[in-house]
Amino acid sequence: MFGFIGVLVVLAVLLLFASVKVLPEYQRGVVLTLGRYTDTKGPGLVLLVPVVQRMFRVDLRTTVLDVPPQDVISRDNVSVRVNAVVYFRVVEPDKSVLQVENFLQATSQLAQTRLRSVLGQHELDEILSQRESINQTLQVILDLATDPWGIKVATVEIKDVDLNETMVRAIARQAEAERERRAKVIHAEGELQAAEKLRDAAAMLAQQPQALQLRYLQTLADMATGGKSSTVVFPLPLDLVRPLLDARPAGPGD
């Protein structure tokens, strides 16, 4: 008699433990009654009917999903290896249980396929320089795709873009050629500006002949003080020499 009562007590304790659940603040419980969805409970103490009801725990905290490296062919036929990270959280626990078998795995596979698809529409230079724009595009696409599962994608970040050695050398040569092109353009622009300044200076000296004489004297002063040569050249205007040439006596052959 006492043995039978003891068995009943043990069964009652087991049923009590099976019917009482405690959910922390960051979890919700999706309750199914006889296989049908009835309610989402939590946080705190949750009472279930043993055997009749079953509860699935869903974590509402932000999940960090590391997308493994993917081989991508860009629009300009360059092979790159790209990996990314996705931040998402569950906003509707019932959909994450009822609409998809494993929302974590489903989100991971979807992120991999969307990553290859989106990057394949861009050229290599765009992938390297427009990463923020590509991240935003991936976030919008994944958020729309996972919305029926009750998931909110907050951020998508491309972490690394790996290139083979041949492409790295090609990019280095391209960067070197670009720097040389810029140097030549800057040099040509400097020559053009210098020619324009010389033209303006010549026009100004033509309007003021005295300024040309002062420039001669300044040049002589620079040669005398700054140079090591003892030879001094005095430029003589042709206008001063011409009267002397005109006044010389005519020779026998003239």
# chains A, B, ... in the order shown; residues from 1 in each chain; ligands from 1
call {"tool": "select_by_dssp", "arguments": {"residues": "stretch 28-215 of chain A", "states": "strand (DSSP E)", "output": "VMD selection string"}}
result
chain A and resid 28 to 33 36 to 41 44 to 47 53 to 59 63 to 73 79 to 90 151 to 162
call {"tool": "select_by_dssp", "arguments": {"residues": "stretch 33-103 of chain A", "states": "helix (DSSP H, G or I)", "output": "PyMOL selection string"}}
result
chain A and resi 93-98+103
call {"tool": "closest_atom_pairs", "arguments": {"of": "stretch 51-135 of chain A", "to": "stretch 151-175 of chain A", "cutoff": "10 Å", "atoms": "only C-alpha atoms", "output": "CSV"}}
result
residue,atom,partner,partner_atom,distance
A:Leu60,CA,A:Ile151,CA,9.7
A:Thr62,CA,A:Ala154,CA,8.7
A:Thr63,CA,A:Val153,CA,9.6
A:Val64,CA,A:Thr155,CA,9.7
A:Leu65,CA,A:Val156,CA,9.5
A:Asp66,CA,A:Lys159,CA,9.7
A:Val67,CA,A:Ile158,CA,9.3
A:Pro69,CA,A:Asp160,CA,8.7
A:Gln70,CA,A:Val161,CA,9.8
A:Asp71,CA,A:Asp162,CA,9.6
A:Val72,CA,A:Val161,CA,9.9
A:Val78,CA,A:Met167,CA,8.3
A:Ser79,CA,A:Leu163,CA,7.4
A:Val80,CA,A:Leu163,CA,5.3
A:Arg81,CA,A:Asp162,CA,5.0
A:Val82,CA,A:Val161,CA,4.7
A:Asn83,CA,A:Asp160,CA,5.8
A:Ala84,CA,A:Ile158,CA,4.2
A:Val85,CA,A:Glu157,CA,5.4
A:Val86,CA,A:Val156,CA,4.6
A:Tyr87,CA,A:Thr155,CA,5.1
A:Phe88,CA,A:Val153,CA,4.2
A:Arg89,CA,A:Lys152,CA,5.5
A:Val90,CA,A:Ile151,CA,4.6
A:Val91,CA,A:Ile151,CA,5.7
A:Glu92,CA,A:Ile151,CA,6.9
A:Pro93,CA,A:Ile151,CA,8.6
A:Lys95,CA,A:Ile151,CA,8.5
A:Ser96,CA,A:Ile151,CA,7.2
A:Phe103,CA,A:Ile151,CA,8.4
A:Leu104,CA,A:Ile151,CA,9.9
A:Thr107,CA,A:Ile151,CA,9.0
A:Ala111,CA,A:Val156,CA,9.2
A:Leu115,CA,A:Ile158,CA,9.1
A:Leu124,CA,A:Val161,CA,9.8
A:Asp125,CA,A:Ile171,CA,9.9
A:Ile127,CA,A:Val161,CA,8.3
A:Leu128,CA,A:Val161,CA,7.7
A:Arg131,CA,A:Ile158,CA,7.2
A:Glu132,CA,A:Glu157,CA,8.1
A:Ile134,CA,A:Ile158,CA,8.4
A:Asn135,CA,A:Val156,CA,5.5
call {"tool": "closest_atom_pairs", "arguments": {"of": "stretch 92-151 of chain A", "to": "stretch 28-49 of chain A", "cutoff": "9 Å", "atoms": "only C-alpha atoms", "output": "tab-separated table"}}
result
residue	atom	partner	partner_atom	distance
A:Pro93	CA	A:Val30	CA	6.8
A:Asp94	CA	A:Val30	CA	5.9
A:Val97	CA	A:Val30	CA	7.5
A:Leu98	CA	A:Tyr37	CA	8.3
call {"tool": "closest_residue", "arguments": {"among": "A:Lys197, A:His187, A:Arg75, A:Lys21", "to": "A:Ser117", "atoms": "only C-alpha atoms"}}
result
A:Arg75
call {"tool": "atom_distance", "arguments": {"atom1": "atom CA of A:Leu198", "atom2": "atom CA of A:Arg215"}}
result
13.8 Å
